[in-house]
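Trainee: So here's upload.txt, just compact mmCIF, C-alpha atoms and all ligand atoms:
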```txt
# COMPACT_ATOMS: atom_id res chain seq x y z
CA VAL A 1 95.68 -111.74 -123.78
CA PRO A 2 94.10 -108.63 -125.28
CA GLU A 3 94.67 -108.91 -129.05
CA LEU A 4 93.52 -106.53 -131.78
CA ALA A 5 89.80 -107.23 -131.33
CA GLU A 6 89.86 -106.57 -127.58
CA VAL A 7 91.98 -103.42 -127.85
CA GLU A 8 89.84 -102.10 -130.71
CA THR A 9 86.73 -102.68 -128.56
CA LEU A 10 88.34 -100.68 -125.78
CA ARG A 11 89.50 -97.96 -128.18
CA GLY A 12 86.00 -97.33 -129.50
CA GLN A 13 84.51 -97.25 -126.00
CA LEU A 14 87.22 -94.91 -124.69
CA GLU A 15 86.66 -92.61 -127.64
CA GLU A 16 82.99 -92.30 -126.69
CA GLU A 17 83.75 -91.69 -123.03
CA ILE A 18 86.85 -89.49 -122.87
CA LEU A 19 87.46 -87.81 -126.24
CA GLY A 20 87.81 -84.08 -125.54
CA GLU A 21 87.85 -84.65 -121.77
CA GLU A 22 90.63 -83.32 -119.58
CA VAL A 23 92.69 -85.53 -117.29
CA LEU A 24 92.11 -84.03 -113.85
CA GLY A 25 94.45 -86.33 -111.96
CA VAL A 26 96.40 -89.59 -112.01
CA SER A 27 97.06 -91.97 -109.13
CA VAL A 28 99.65 -94.73 -109.47
CA PHE A 29 99.38 -97.71 -107.11
CA ASP A 30 101.98 -99.99 -108.71
CA SER A 31 105.72 -99.32 -108.45
CA LYS A 32 106.17 -100.68 -111.99
CA LEU A 33 104.09 -97.80 -113.34
CA ARG A 34 105.70 -95.09 -111.22
CA GLY A 35 106.60 -92.02 -113.25
CA SER A 36 103.89 -92.59 -115.87
CA GLU A 37 101.60 -90.03 -114.19
CA VAL A 38 103.55 -87.15 -115.75
CA LEU A 39 102.60 -88.37 -119.25
CA PHE A 40 98.88 -87.67 -118.81
CA ARG A 41 98.55 -83.94 -119.43
CA GLY A 42 95.65 -81.95 -120.82
CA ARG A 43 92.68 -83.01 -122.87
CA VAL A 44 92.29 -86.20 -124.88
CA CYS A 45 92.61 -85.26 -128.58
CA ALA A 46 92.43 -88.79 -130.03
CA VAL A 47 92.15 -92.43 -128.93
CA LYS A 48 94.13 -94.62 -131.32
CA ARG A 49 95.33 -98.18 -131.51
CA HIS A 50 98.62 -99.54 -132.79
CA GLY A 51 98.26 -103.30 -132.98
CA LYS A 52 97.66 -104.46 -129.41
CA ALA A 53 98.70 -101.09 -127.92
CA LEU A 54 96.37 -98.21 -127.10
CA VAL A 55 97.67 -94.75 -127.95
CA LEU A 56 96.07 -91.78 -126.20
CA THR A 57 96.92 -88.49 -127.88
CA LEU A 58 96.72 -85.82 -125.20
CA GLU A 59 97.46 -82.12 -125.44
CA GLY A 60 100.71 -82.92 -123.61
CA GLY A 61 101.74 -85.69 -126.04
CA ASP A 62 101.09 -89.33 -126.87
CA VAL A 63 100.81 -92.02 -124.20
CA VAL A 64 101.16 -95.68 -125.17
CA ILE A 65 99.29 -98.18 -122.97
CA ARG A 66 100.28 -101.83 -123.43
CA LEU A 67 97.93 -104.20 -121.65
CA GLY A 68 100.32 -107.15 -121.45
CA MET A 69 98.76 -110.51 -120.61
CA SER A 70 95.86 -109.56 -118.38
CA GLY A 71 95.53 -105.76 -118.35
CA ARG A 72 92.23 -103.97 -118.93
CA LEU A 73 90.62 -100.61 -118.33
CA LYS A 74 87.44 -100.16 -116.31
CA LEU A 75 85.18 -97.13 -116.14
CA GLY A 76 83.70 -96.61 -112.67
CA ALA A 77 84.13 -98.80 -109.61
CA PRO A 78 86.91 -101.40 -110.17
CA GLU A 79 86.30 -105.03 -109.13
CA ARG A 80 89.84 -105.34 -107.76
CA PRO A 81 92.51 -102.90 -106.60
CA PRO A 82 93.64 -100.85 -109.63
CA ARG A 83 97.27 -100.33 -110.69
CA LEU A 84 96.52 -96.81 -111.85
CA THR A 85 93.53 -94.48 -111.87
CA LEU A 86 92.82 -91.63 -114.27
CA ARG A 87 90.30 -89.03 -113.18
CA PHE A 88 88.14 -87.28 -115.75
CA PRO A 89 85.23 -84.85 -115.20
CA GLY A 90 82.77 -87.66 -116.02
CA GLY A 91 84.34 -90.37 -113.83
CA GLU A 92 87.38 -92.50 -113.19
CA ILE A 93 89.11 -95.04 -115.42
CA HIS A 94 91.11 -97.75 -113.68
CA LEU A 95 93.86 -99.97 -115.02
CA ILE A 96 93.30 -103.45 -113.60
CA ASP A 97 95.99 -106.05 -114.20
CA ARG A 98 96.17 -109.31 -112.27
CA ARG A 99 99.58 -110.31 -113.66
CA ARG A 100 101.13 -106.80 -113.61
CA LEU A 101 102.62 -107.05 -117.10
CA SER A 102 101.03 -103.93 -118.57
CA SER A 103 103.13 -100.84 -119.18
CA ILE A 104 102.66 -97.16 -119.93
CA GLY A 105 105.15 -94.98 -121.78
CA PRO A 106 105.71 -92.27 -124.36
CA LEU A 107 105.42 -92.96 -128.08
CA GLY A 108 108.22 -95.19 -129.37
CA GLY A 109 109.30 -98.77 -129.86
CA LEU A 110 106.09 -99.76 -131.62
CA PRO A 111 106.20 -102.81 -133.94
CA LYS A 112 106.21 -102.24 -137.69
CA GLY A 113 103.70 -104.76 -139.01
CA VAL A 114 100.68 -104.08 -141.20
CA ASP A 115 97.37 -103.46 -139.43
CA PRO A 116 95.04 -106.13 -140.85
CA LEU A 117 92.02 -103.80 -140.62
CA LEU A 118 93.67 -100.77 -142.19
CA GLY A 119 96.46 -101.93 -144.45
CA ASP A 120 97.01 -104.01 -147.56
CA PRO A 121 98.27 -107.60 -147.30
CA PRO A 122 102.04 -107.75 -146.69
CA LEU A 123 103.93 -108.37 -149.92
CA VAL A 124 106.80 -110.39 -148.52
CA TRP A 125 105.95 -113.70 -146.85
CA ASP A 126 109.43 -115.01 -147.40
CA SER A 127 109.89 -116.89 -144.16
CA SER A 128 110.84 -120.47 -143.43
CA ARG A 129 108.84 -120.15 -140.20
CA PRO A 130 105.42 -121.83 -139.91
CA VAL A 131 102.74 -119.47 -141.18
CA LYS A 132 101.08 -119.26 -137.77
CA ALA A 133 104.31 -117.97 -136.20
CA LEU A 134 104.61 -115.39 -138.99
CA LEU A 135 101.01 -114.18 -138.47
CA MET A 136 101.79 -113.62 -134.78
CA ASP A 137 104.99 -111.67 -135.51
CA GLN A 138 104.08 -108.05 -134.71
CA ASP A 139 106.61 -106.76 -137.23
CA PHE A 140 104.65 -108.66 -139.91
CA LEU A 141 101.00 -108.23 -138.86
CA LEU A 142 99.82 -106.07 -135.97
CA GLY A 143 97.55 -107.27 -133.24
CA VAL A 144 97.20 -110.96 -134.11
CA GLY A 145 97.86 -113.38 -131.27
CA ASN A 146 97.29 -117.07 -130.66
CA ILE A 147 93.48 -117.02 -130.68
CA TYR A 148 92.91 -115.10 -133.90
CA ALA A 149 95.84 -116.71 -135.75
CA SER A 150 94.42 -120.18 -134.99
CA GLU A 151 90.90 -119.18 -135.99
CA ALA A 152 91.94 -117.37 -139.19
CA LEU A 153 94.02 -120.32 -140.43
CA PHE A 154 91.02 -122.58 -139.89
CA VAL A 155 88.75 -120.21 -141.83
CA ALA A 156 91.35 -120.06 -144.62
CA ALA A 157 91.78 -123.88 -144.49
CA VAL A 158 95.57 -123.60 -144.25
CA ASP A 159 97.90 -125.80 -142.20
CA PRO A 160 99.36 -123.66 -139.37
CA PHE A 161 102.68 -125.53 -139.61
CA VAL A 162 103.37 -124.97 -143.31
CA PRO A 163 106.40 -122.70 -143.94
CA ALA A 164 105.09 -119.28 -144.99
CA SER A 165 107.37 -119.16 -148.02
CA ARG A 166 105.61 -122.20 -149.51
CA LEU A 167 102.19 -120.53 -149.64
CA SER A 168 100.81 -119.56 -153.03
CA PRO A 169 99.80 -115.91 -153.66
CA GLU A 170 96.17 -117.07 -153.60
CA GLU A 171 96.63 -118.73 -150.18
CA ARG A 172 98.28 -115.59 -148.79
CA LEU A 173 95.32 -113.45 -149.85
CA ARG A 174 92.90 -116.01 -148.44
CA ILE A 175 94.71 -115.97 -145.08
CA PHE A 176 94.80 -112.17 -144.93
CA GLY A 177 91.09 -112.02 -145.75
CA ALA A 178 90.36 -114.62 -143.06
CA VAL A 179 92.35 -112.66 -140.46
CA ARG A 180 90.31 -109.57 -141.26
CA GLU A 181 87.00 -111.49 -141.25
CA VAL A 182 87.71 -113.15 -137.89
CA LEU A 183 88.83 -109.88 -136.29
CA LEU A 184 85.79 -107.93 -137.52
CA GLU A 185 83.48 -110.63 -136.24
CA ALA A 186 85.28 -110.63 -132.87
CA ILE A 187 85.12 -106.82 -132.61
CA SER A 188 81.37 -106.95 -133.23
CA LEU A 189 81.15 -109.30 -130.21
CA ARG A 190 83.48 -107.24 -127.94
CA GLY A 191 86.35 -109.72 -128.21
CA THR A 192 87.05 -113.09 -126.59
CA THR A 193 86.89 -113.72 -122.84
CA ILE A 194 88.82 -116.85 -121.92
CA SER A 195 89.98 -115.55 -118.54
CA ASP A 196 90.64 -111.89 -117.74
CA TRP A 197 89.31 -109.86 -120.63
CA ARG A 198 86.44 -107.42 -119.93
CA ASP A 199 85.46 -104.28 -121.83
CA LEU A 200 85.49 -100.72 -120.45
CA TYR A 201 82.18 -101.36 -118.70
CA GLY A 202 83.28 -104.66 -117.15
CA ARG A 203 81.37 -106.88 -119.60
CA PRO A 204 82.95 -110.06 -120.99
CA GLY A 205 83.31 -110.50 -124.74
CA LEU A 206 81.17 -113.02 -126.59
CA TYR A 207 83.48 -114.34 -129.29
CA GLN A 208 84.51 -117.34 -127.17
CA GLU A 209 81.10 -118.78 -128.09
CA ARG A 210 82.02 -118.56 -131.78
CA LEU A 211 85.49 -120.12 -131.60
CA ARG A 212 85.87 -122.87 -134.18
CA VAL A 213 89.15 -124.52 -133.19
CA TYR A 214 90.92 -122.57 -130.43
CA GLY A 215 90.81 -124.66 -127.24
CA LYS A 216 88.61 -127.28 -128.94
CA GLU A 217 90.89 -130.33 -128.87
CA GLY A 218 88.89 -133.52 -129.51
CA ARG A 219 85.71 -131.64 -130.47
CA PRO A 220 84.31 -132.10 -133.97
CA CYS A 221 85.51 -129.75 -136.71
CA PRO A 222 82.59 -127.43 -137.59
CA ARG A 223 83.32 -128.02 -141.28
CA CYS A 224 84.00 -131.77 -141.61
CA GLY A 225 83.44 -133.35 -138.20
CA SER A 226 86.99 -134.68 -137.72
CA PRO A 227 88.29 -134.29 -134.15
CA ILE A 228 90.24 -131.02 -133.71
CA ARG A 229 93.88 -131.58 -132.79
CA ARG A 230 96.28 -129.61 -130.63
CA ARG A 231 100.01 -129.36 -131.21
CA VAL A 232 102.58 -127.02 -129.69
CA LEU A 233 104.19 -124.44 -131.96
CA SER A 234 106.78 -122.01 -130.56
CA GLY A 235 105.64 -122.96 -127.06
CA ARG A 236 101.99 -122.12 -127.75
CA GLY A 237 99.01 -124.42 -128.15
CA THR A 238 97.88 -124.59 -131.77
CA TRP A 239 94.48 -126.03 -132.68
CA PHE A 240 93.58 -127.18 -136.17
CA CYS A 241 91.53 -129.65 -138.15
CA PRO A 242 93.80 -132.46 -139.39
CA SER A 243 91.69 -133.02 -142.49
CA CYS A 244 90.53 -129.52 -143.59
CA GLN A 245 93.83 -127.80 -142.83
CA VAL A 246 96.48 -130.21 -144.03
CA GLN A 247 97.71 -129.86 -147.60
ZN ZN B 301 87.65 -130.22 -140.75
```
Would you mind writing the file out in C-alpha cells?
Mentor:
Amino acid sequence: VPELAEVETLRGQLEEEILGEEVLGVSVFDSKLRGSEVLFRGRVCAVKRHGKALVLTLEGGDVVIRLGMSGRLKLGAPERPPRLTLRFPGGEIHLIDRRRLSSIGPLGGLPKGVDPLLGDPPLVWDSSRPVKALLMDQDFLLGVGNIYASEALFVAAVDPFVPASRLSPEERLRIFGAVREVLLEAISLRGTTISDWRDLYGRPGLYQERLRVYGKEGRPCPRCGSPIRRRVLSGRGTWFCPSCQVQ
C-alpha cells in the first residue's frame, strides 16, 4: 500500500518530470475511472501531496489521485496494461493498478490529520484506541499506514496496543519524532517494496531492507535479540518486540 513515503517519492519525481508541462491528452482504459479525463486540463502548476493522496494542480483545477492498495504511476512503457494514460510533450505517464482500487477526482473529501513531515504533533491524543490504530487514523495523522506505524512504535519503544490516552506527553513526542524519522529514512530510500510498489521510473524502493519489525515474526529484535511477535490489531498484522515495547 503506498503510504506517505511512497507517495512523497512519486510527488518529487513527478515534480521534476511534469511541472510546467501541458497535458496533451488522456486515455482511460478502466470503466471505474471513466469521466476523470475531463479533470486534466492545461499545464501542471504544482505537484502536491495530501497524506497518501497526490494532488496535481493544473490550470483547469486540482485533481486528486488516490493510489488505493496497489496503484502506481509509471513514466514511459508500462509493464502491464495501464488503467489510464496521460500524455505530456516529454512522454506518457501510466496509472498501473493490479487491484483496481485507485481513484481520481476533484479536490474534496480529504482527511484532516496532521502531516507528520510538515505539521506539529497533534495536541489531543485522547483516545481509548490502541496507539497504533490512532497513528493510522488519517484524521489524526496523514499518510501513516501499517508499515510505518509498526516501525515508528518500535523506534519509540512503545507498545502498539497501549490506549493512546495513557501515553505521557514525553511518549507522545517520542512517537511523533519516530514517525518523522522513519518516514524521512524511507523517503531517502524511495519507500518500501513488499509487493506492488515501484517509483515513477519502475524501480522498487529499498526500505524493506531496513525494516526492523514489520513482517519479522520470530526474527531477533535488532535492539535486544528477543524474537519479534505478531498479533492482529483491527484486522491488521502488528509486529513488535515483546521486551523493548511492553511497558
Ligand atoms: Zn527488543
Trainee: Take the point (101.9, -104.4, -147.0) as written in the file and pick out every residue within 12 Å of it, counting all atoms listed in the file; give the list as an NGL selection string.
Mentor: :A and (112-125 or 139-142 or 172-173 or 176)
Trainee: Give me the residues of chain A that have any atom at most 12 Å from an atom of ligand ZN 301 (chain B); for each, the nearest atom pair and the distance in Å, rounded to one decimal. Use all atoms listed in the file, sort by chain and number, and format it as a Markdown table.
Mentor:
```
| residue | atom | partner | partner_atom | distance |
| --- | --- | --- | --- | --- |
| A:Leu153 | CA | B:ZN301 | ZN | 11.8 |
| A:Phe154 | CA | B:ZN301 | ZN | 8.4 |
| A:Val155 | CA | B:ZN301 | ZN | 10.1 |
| A:Ala156 | CA | B:ZN301 | ZN | 11.5 |
| A:Ala157 | CA | B:ZN301 | ZN | 8.4 |
| A:Val158 | CA | B:ZN301 | ZN | 10.9 |
| A:Asp159 | CA | B:ZN301 | ZN | 11.3 |
| A:Arg212 | CA | B:ZN301 | ZN | 10.0 |
| A:Val213 | CA | B:ZN301 | ZN | 9.6 |
| A:Gly218 | CA | B:ZN301 | ZN | 11.8 |
| A:Arg219 | CA | B:ZN301 | ZN | 10.6 |
| A:Pro220 | CA | B:ZN301 | ZN | 7.8 |
| A:Cys221 | CA | B:ZN301 | ZN | 4.6 |
| A:Pro222 | CA | B:ZN301 | ZN | 6.6 |
| A:Arg223 | CA | B:ZN301 | ZN | 4.9 |
| A:Cys224 | CA | B:ZN301 | ZN | 4.1 |
| A:Gly225 | CA | B:ZN301 | ZN | 5.8 |
| A:Ser226 | CA | B:ZN301 | ZN | 5.4 |
| A:Pro227 | CA | B:ZN301 | ZN | 7.8 |
| A:Ile228 | CA | B:ZN301 | ZN | 7.5 |
| A:Arg229 | CA | B:ZN301 | ZN | 10.2 |
| A:Trp239 | CA | B:ZN301 | ZN | 11.4 |
| A:Phe240 | CA | B:ZN301 | ZN | 8.1 |
| A:Cys241 | CA | B:ZN301 | ZN | 4.7 |
| A:Pro242 | CA | B:ZN301 | ZN | 6.7 |
| A:Ser243 | CA | B:ZN301 | ZN | 5.2 |
| A:Cys244 | CA | B:ZN301 | ZN | 4.1 |
| A:Gln245 | CA | B:ZN301 | ZN | 7.0 |
| A:Val246 | CA | B:ZN301 | ZN | 9.4 |
```
Trainee: Pick out the residues sitting within 12 Å of A:Ser188, and hand them over as a count of residues only; count only C-alpha atoms, and ignore anything fewer than 2 positions along from it in its own chain.
Mentor: 19
Trainee: In Å, rounded to a single decimal, give me how far atom CA of A:Gly76 is from atom CA of A:Ile93.
Mentor: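 Distance between the two atoms: 6.3 Å.
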Trainee: Report, in Å with one decimal, the straight-line distance from atom CA of A:Arg99 to atom CA of A:Glu22.
Mentor: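 Computing the Euclidean distance for atom CA of A:Arg99 and atom CA of A:Glu22 yields 29.0 Å.
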Trainee: Given the choices A:Val131, A:Val26, A:Leu101, A:Leu107, which gets closest to A:Gly61 if the distance is worked out from all atoms listed in the file?
Mentor: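 Counting all atoms listed in the file, the residue closest to A:Gly61 is A:Leu107.
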Trainee: Between atom CA of A:Tyr214 and atom CA of A:Met136, measure the distance and give it in Å to one decimal.
Mentor: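 Separating atom CA of A:Tyr214 from atom CA of A:Met136 is a distance of 14.7 Å.
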Trainee: Please complete stretch 107-123 of chain A so it has N, CA, C and O atoms, and hand it over as a short mmCIF file (atom, residue, chain, number, x, y, z; two decimals), keeping the file's coordinate frame.
Mentor:
```cif
data_model
loop_
_atom_site.label_atom_id
_atom_site.label_comp_id
_atom_site.auth_asym_id
_atom_site.auth_seq_id
_atom_site.Cartn_x
_atom_site.Cartn_y
_atom_site.Cartn_z
N LEU A 107 105.42 -92.33 -126.76
CA LEU A 107 105.42 -92.96 -128.08
C LEU A 107 106.83 -93.46 -128.41
O LEU A 107 107.81 -92.78 -128.16
N GLY A 108 106.91 -94.66 -129.00
CA GLY A 108 108.22 -95.19 -129.37
C GLY A 108 108.26 -96.69 -129.22
O GLY A 108 107.48 -97.26 -128.46
N GLY A 109 109.13 -97.33 -129.98
CA GLY A 109 109.30 -98.77 -129.86
C GLY A 109 108.12 -99.59 -130.32
O GLY A 109 107.96 -100.73 -129.91
N LEU A 110 107.26 -99.01 -131.17
CA LEU A 110 106.09 -99.76 -131.62
C LEU A 110 106.48 -100.68 -132.77
O LEU A 110 107.32 -100.33 -133.61
N PRO A 111 105.86 -101.88 -132.85
CA PRO A 111 106.20 -102.81 -133.94
C PRO A 111 105.77 -102.27 -135.29
O PRO A 111 104.93 -101.37 -135.38
N LYS A 112 106.34 -102.85 -136.35
CA LYS A 112 106.21 -102.24 -137.69
C LYS A 112 105.28 -102.99 -138.64
O LYS A 112 105.24 -102.70 -139.82
N GLY A 113 104.54 -103.96 -138.12
CA GLY A 113 103.70 -104.76 -139.01
C GLY A 113 102.55 -103.98 -139.62
O GLY A 113 102.28 -102.83 -139.27
N VAL A 114 101.86 -104.65 -140.53
CA VAL A 114 100.68 -104.08 -141.20
C VAL A 114 99.46 -104.29 -140.30
O VAL A 114 99.27 -105.37 -139.74
N ASP A 115 98.62 -103.27 -140.18
CA ASP A 115 97.37 -103.46 -139.43
C ASP A 115 96.38 -104.18 -140.35
O ASP A 115 96.03 -103.67 -141.40
N PRO A 116 95.90 -105.36 -139.95
CA PRO A 116 95.04 -106.13 -140.85
C PRO A 116 93.71 -105.45 -141.15
O PRO A 116 93.08 -105.76 -142.16
N LEU A 117 93.27 -104.49 -140.32
CA LEU A 117 92.02 -103.80 -140.62
C LEU A 117 92.23 -102.58 -141.51
O LEU A 117 91.31 -102.13 -142.17
N LEU A 118 93.44 -102.05 -141.51
CA LEU A 118 93.67 -100.77 -142.19
C LEU A 118 94.58 -100.87 -143.39
O LEU A 118 94.52 -100.03 -144.29
N GLY A 119 95.45 -101.88 -143.41
CA GLY A 119 96.46 -101.93 -144.45
C GLY A 119 96.19 -102.99 -145.51
O GLY A 119 95.23 -103.75 -145.44
N ASP A 120 97.06 -102.99 -146.52
CA ASP A 120 97.01 -104.01 -147.56
C ASP A 120 97.79 -105.24 -147.09
O ASP A 120 98.64 -105.13 -146.21
N PRO A 121 97.52 -106.40 -147.69
CA PRO A 121 98.27 -107.60 -147.30
C PRO A 121 99.77 -107.38 -147.46
O PRO A 121 100.19 -106.75 -148.43
N PRO A 122 100.59 -107.86 -146.53
CA PRO A 122 102.04 -107.75 -146.69
C PRO A 122 102.48 -108.42 -147.99
O PRO A 122 101.91 -109.43 -148.40
N LEU A 123 103.47 -107.83 -148.63
CA LEU A 123 103.93 -108.37 -149.92
C LEU A 123 104.93 -109.51 -149.74
O LEU A 123 104.99 -110.42 -150.53
#
```
